[in-house]
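Inspection log for the structure reproduced underneath, given as structure tokens.
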Amino acid sequence: MSAGATLAAAARELYQRGWLPGTAGNISVRVSPETALITASGRDKGALTESDTVLVSVDTSAAVSPDAPRPSAETTIHTAIYRATKAEAVVHTHSPYATAVATLEGHRTELSTVDIQDFELLKGLGLRDPSATTVPVFPNHADVPRIAAEVERYLIEHPDAPPVVLIEHHGLTTWGADYAQARNRMECVESICQLLLLLKGRAFS
């Protein structure tokens, strides 16, 4: 199966889980040091096909071919992560529990964080210390490249940061050595956020 077909099948599966509703969210995989394949903008994730993916430059975030579909609106966030980390795949979802936590703990104009500790699921994030971590929550600027710049700067300044980014009123982004790892990390974070909400009285006191 080609990279595009694999990406499309992955998007359909995440749609069925309720994590990529409608045209929201996006997935990318690194194809070479200079390029990544990402889902195209405005496409129904439940019916995505290989033709709904586009090869982009990691450096500029622009489509490599002028005839390609328009890349996802969040392409700049994906490429920022590729530049700042060793990621080979990035998953951005609008999964409800993570989005709810990002909204509760986020700030309209300033970076905030969520401290998470003791959950067994933290072992799924590949942390040096799986007992606790601090997840950044970025403001949801209308200017997506501004979010991307803030994400890239944060990851460069915090090389031990978890492979997780939350955006206030927006969603969850995770990454890994391949799509399977990035997706599994996303599911772990979404499950942890569900637990945090169930324990809201203690988790957000």
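Naming works like this for the structure tokens: A, B, ... for the chains as they're shown, residue 1 at the start of each chain, ligands 1 onward in shown order.
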
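Across stretch 109-174 of chain A, DSSP run on the backbone finds strand (DSSP E or B) at Ser112, Thr113, Val114, Asp115, Ile116, Gln117, Ala132, Thr133, Thr134, Val135, Pro136, Val137, Phe138, Val164, Val165, Leu166, Ile167, Gly171, Leu172, Thr173 and Thr174 of chain A.
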
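Secondary structure from DSSP on the backbone puts alpha helix (DSSP H) at the following positions of stretch 56-96 of chain A: Thr75, Thr76, Ile77, His78, Thr79, Ala80, Ile81, Tyr82, Arg83, Ala84 and Pro96 of chain A.
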
Atoms kept (C-alpha atoms) for selection, written as a PDB file, in the first residue's frame:
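Output file part.pdb follows:
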```
ATOM      1  CA  THR A  75       0.579  22.015   7.818  1.00  0.00           C
ATOM      2  CA  THR A  76       2.856  24.624   9.389  1.00  0.00           C
ATOM      3  CA  ILE A  77       2.421  22.965  12.803  1.00  0.00           C
ATOM      4  CA  HIS A  78       3.348  19.570  11.370  1.00  0.00           C
ATOM      5  CA  THR A  79       6.451  20.916   9.642  1.00  0.00           C
ATOM      6  CA  ALA A  80       7.461  22.831  12.770  1.00  0.00           C
ATOM      7  CA  ILE A  81       7.417  19.544  14.684  1.00  0.00           C
ATOM      8  CA  TYR A  82       9.453  17.821  11.966  1.00  0.00           C
ATOM      9  CA  ARG A  83      12.060  20.572  12.110  1.00  0.00           C
ATOM     10  CA  ALA A  84      12.260  20.655  15.910  1.00  0.00           C
ATOM     11  CA  PRO A  96     -13.184  15.555  22.558  1.00  0.00           C
TER      12      PRO A  96
END
```

Using only C-alpha atoms, the shortest atom-to-atom distance to A:Ala3 among A:His94, A:Arg128, A:Lys123, A:Arg30 belongs to A:Arg30

Let me make sure I understand: among A:Arg183, A:Val135, A:Arg43, A:Ala63, which one has the smallest atom-to-atom distance to A:Glu13 if we use only C-alpha atoms?
A:Arg183

Excluding A:Asp129 and residues on its chain fewer than 6 positions from it, collect all residues at most 12 Å away from it, counting only C-alpha atoms, and give them as a list in words.
Ile116, Gln117, Asp118, Glu120, Leu122, Lys123, Asp160, Ala161 and Pro162 of chain A

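Minimum atom-to-atom distance to A:Cys193, evaluated using only C-alpha atoms, belongs to A:Val101 out of A:Ala148, A:Leu155, A:Val164, A:Val101.
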
Give me the residues of stretch 50-92 of chain A that have any atom at most 7 Å from an atom of stretch 16-27 of chain A; for each, the nearest atom pair and the distance in Å, rounded to one decimal. Use only C-alpha atoms, sort by chain and number, and format it as JSON lines.
```
{"residue": "A:Ser72", "atom": "CA", "partner": "A:Asn26", "partner_atom": "CA", "distance": 6.8}
{"residue": "A:Val90", "atom": "CA", "partner": "A:Ile27", "partner_atom": "CA", "distance": 5.8}
{"residue": "A:Val91", "atom": "CA", "partner": "A:Ile27", "partner_atom": "CA", "distance": 4.6}
{"residue": "A:His92", "atom": "CA", "partner": "A:Asn26", "partner_atom": "CA", "distance": 5.3}
```

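Summary of the local environment: counting only C-alpha atoms, residues at most 12 Å from A:Asp52, other than itself and those fewer than 5 positions away along its chain, are Ala3, Gly4, Ala5, Thr6, Leu7, Ala8, Ala9, Ala11, Arg12, Thr23, Asn26, Ile27, Ser28, Leu37, Ile38, Thr39, Ala40, Ser41, Gly42, Arg43, Asp44, Lys45, Gly46, Ala47, Ala68, Pro69, Arg70, Pro71 and Ser72 of chain A.
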
For the residues in that selection, give me N, CA and C atoms as a PDB file, in the first residue's frame.
```pdb
ATOM      1  N   ALA A   3       2.076   5.254   0.523  1.00  0.00           N
ATOM      2  CA  ALA A   3       1.990   6.138   1.691  1.00  0.00           C
ATOM      3  C   ALA A   3       0.674   6.911   1.694  1.00  0.00           C
ATOM      4  N   GLY A   4       0.237   7.351   0.521  1.00  0.00           N
ATOM      5  CA  GLY A   4      -1.011   8.098   0.439  1.00  0.00           C
ATOM      6  C   GLY A   4      -2.215   7.251   0.808  1.00  0.00           C
ATOM      7  N   ALA A   5      -2.243   6.018   0.324  1.00  0.00           N
ATOM      8  CA  ALA A   5      -3.351   5.121   0.644  1.00  0.00           C
ATOM      9  C   ALA A   5      -3.353   4.780   2.132  1.00  0.00           C
ATOM     10  N   THR A   6      -2.165   4.585   2.696  1.00  0.00           N
ATOM     11  CA  THR A   6      -2.063   4.299   4.130  1.00  0.00           C
ATOM     12  C   THR A   6      -2.562   5.477   4.952  1.00  0.00           C
ATOM     13  N   LEU A   7      -2.185   6.688   4.550  1.00  0.00           N
ATOM     14  CA  LEU A   7      -2.615   7.898   5.253  1.00  0.00           C
ATOM     15  C   LEU A   7      -4.137   8.053   5.184  1.00  0.00           C
ATOM     16  N   ALA A   8      -4.702   7.800   4.011  1.00  0.00           N
ATOM     17  CA  ALA A   8      -6.147   7.916   3.838  1.00  0.00           C
ATOM     18  C   ALA A   8      -6.883   6.900   4.698  1.00  0.00           C
ATOM     19  N   ALA A   9      -6.389   5.665   4.735  1.00  0.00           N
ATOM     20  CA  ALA A   9      -7.018   4.637   5.558  1.00  0.00           C
ATOM     21  C   ALA A   9      -6.938   5.000   7.038  1.00  0.00           C
ATOM     22  N   ALA A  11      -6.825   8.045   8.289  1.00  0.00           N
ATOM     23  CA  ALA A  11      -7.776   9.127   8.540  1.00  0.00           C
ATOM     24  C   ALA A  11      -9.199   8.586   8.669  1.00  0.00           C
ATOM     25  N   ARG A  12      -9.562   7.639   7.832  1.00  0.00           N
ATOM     26  CA  ARG A  12     -10.904   7.058   7.908  1.00  0.00           C
ATOM     27  C   ARG A  12     -11.121   6.347   9.237  1.00  0.00           C
ATOM     28  N   THR A  23     -14.380  17.508   8.371  1.00  0.00           N
ATOM     29  CA  THR A  23     -13.112  17.766   7.672  1.00  0.00           C
ATOM     30  C   THR A  23     -11.996  18.137   8.647  1.00  0.00           C
ATOM     31  N   ASN A  26      -5.850  16.320  10.916  1.00  0.00           N
ATOM     32  CA  ASN A  26      -4.951  15.982   9.823  1.00  0.00           C
ATOM     33  C   ASN A  26      -3.868  15.030  10.296  1.00  0.00           C
ATOM     34  N   ILE A  27      -3.297  14.313   9.350  1.00  0.00           N
ATOM     35  CA  ILE A  27      -2.237  13.342   9.617  1.00  0.00           C
ATOM     36  C   ILE A  27      -1.132  13.569   8.595  1.00  0.00           C
ATOM     37  N   SER A  28       0.104  13.388   9.011  1.00  0.00           N
ATOM     38  CA  SER A  28       1.208  13.470   8.061  1.00  0.00           C
ATOM     39  C   SER A  28       2.257  12.419   8.394  1.00  0.00           C
ATOM     40  N   LEU A  37       4.193  13.906   3.631  1.00  0.00           N
ATOM     41  CA  LEU A  37       2.888  13.736   3.000  1.00  0.00           C
ATOM     42  C   LEU A  37       1.824  14.033   4.043  1.00  0.00           C
ATOM     43  N   ILE A  38       0.864  14.898   3.699  1.00  0.00           N
ATOM     44  CA  ILE A  38      -0.160  15.311   4.657  1.00  0.00           C
ATOM     45  C   ILE A  38      -1.532  15.277   4.007  1.00  0.00           C
ATOM     46  N   THR A  39      -2.563  15.101   4.816  1.00  0.00           N
ATOM     47  CA  THR A  39      -3.921  15.131   4.294  1.00  0.00           C
ATOM     48  C   THR A  39      -4.244  16.536   3.798  1.00  0.00           C
ATOM     49  N   ALA A  40      -5.007  16.595   2.713  1.00  0.00           N
ATOM     50  CA  ALA A  40      -5.343  17.871   2.086  1.00  0.00           C
ATOM     51  C   ALA A  40      -6.401  18.615   2.891  1.00  0.00           C
ATOM     52  N   SER A  41      -6.494  19.902   2.640  1.00  0.00           N
ATOM     53  CA  SER A  41      -7.423  20.764   3.369  1.00  0.00           C
ATOM     54  C   SER A  41      -8.868  20.550   2.915  1.00  0.00           C
ATOM     55  N   GLY A  42      -9.794  20.616   3.875  1.00  0.00           N
ATOM     56  CA  GLY A  42     -11.211  20.629   3.569  1.00  0.00           C
ATOM     57  C   GLY A  42     -11.779  19.326   3.056  1.00  0.00           C
ATOM     58  N   ARG A  43     -11.113  18.209   3.292  1.00  0.00           N
ATOM     59  CA  ARG A  43     -11.594  16.923   2.794  1.00  0.00           C
ATOM     60  C   ARG A  43     -12.266  16.137   3.920  1.00  0.00           C
ATOM     61  N   ASP A  44     -13.347  15.467   3.575  1.00  0.00           N
ATOM     62  CA  ASP A  44     -14.088  14.639   4.524  1.00  0.00           C
ATOM     63  C   ASP A  44     -13.202  13.479   4.961  1.00  0.00           C
ATOM     64  N   LYS A  45     -12.835  13.462   6.241  1.00  0.00           N
ATOM     65  CA  LYS A  45     -11.910  12.437   6.712  1.00  0.00           C
ATOM     66  C   LYS A  45     -12.526  11.041   6.706  1.00  0.00           C
ATOM     67  N   GLY A  46     -13.840  10.955   6.710  1.00  0.00           N
ATOM     68  CA  GLY A  46     -14.481   9.648   6.663  1.00  0.00           C
ATOM     69  C   GLY A  46     -14.502   9.042   5.283  1.00  0.00           C
ATOM     70  N   ALA A  47     -14.166   9.818   4.270  1.00  0.00           N
ATOM     71  CA  ALA A  47     -14.174   9.327   2.894  1.00  0.00           C
ATOM     72  C   ALA A  47     -12.870   9.645   2.183  1.00  0.00           C
ATOM     73  N   ALA A  68      -0.990  20.177  -6.956  1.00  0.00           N
ATOM     74  CA  ALA A  68      -1.459  19.363  -5.837  1.00  0.00           C
ATOM     75  C   ALA A  68      -2.631  20.032  -5.130  1.00  0.00           C
ATOM     76  N   PRO A  69      -3.413  19.246  -4.377  1.00  0.00           N
ATOM     77  CA  PRO A  69      -4.471  19.856  -3.559  1.00  0.00           C
ATOM     78  C   PRO A  69      -3.871  20.804  -2.524  1.00  0.00           C
ATOM     79  N   ARG A  70      -4.708  21.667  -1.977  1.00  0.00           N
ATOM     80  CA  ARG A  70      -4.228  22.598  -0.950  1.00  0.00           C
ATOM     81  C   ARG A  70      -3.913  21.820   0.326  1.00  0.00           C
ATOM     82  N   PRO A  71      -2.728  22.011   0.895  1.00  0.00           N
ATOM     83  CA  PRO A  71      -2.388  21.300   2.133  1.00  0.00           C
ATOM     84  C   PRO A  71      -3.288  21.714   3.293  1.00  0.00           C
ATOM     85  N   SER A  72      -3.347  20.872   4.294  1.00  0.00           N
ATOM     86  CA  SER A  72      -4.115  21.167   5.499  1.00  0.00           C
ATOM     87  C   SER A  72      -3.742  22.522   6.082  1.00  0.00           C
TER      88      SER A  72
END
```

Judged by only C-alpha atoms, the minimum distance to A:Ser61 among A:Leu199, A:Ala36, A:Ala149, A:Leu48 is found for A:Ala36

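Put simply, atom CA of A:Tyr154 is 25.9 Å away from atom CA of A:Leu197.
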
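The shortest atom-to-atom distance to A:Thr173, with only C-alpha atoms taken into account, belongs to A:Thr93 out of A:Gln194, A:Thr103, A:Thr93, A:Thr133.
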
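With distances restricted to only C-alpha atoms, A:Thr134 is the closest residue to A:His158 from A:Thr134, A:Ala180, A:Leu195, A:Ala142.
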
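Across the structure, atom CA of A:Gln181 and atom CA of A:Glu50 are spaced 21.2 Å apart.
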
A:Ile147 surroundings by only C-alpha atoms, 9 Å radius, close-in-sequence under 4 positions cut, as a PyMOL selection string
chain A and resi 76-77+138-143+151-152+167
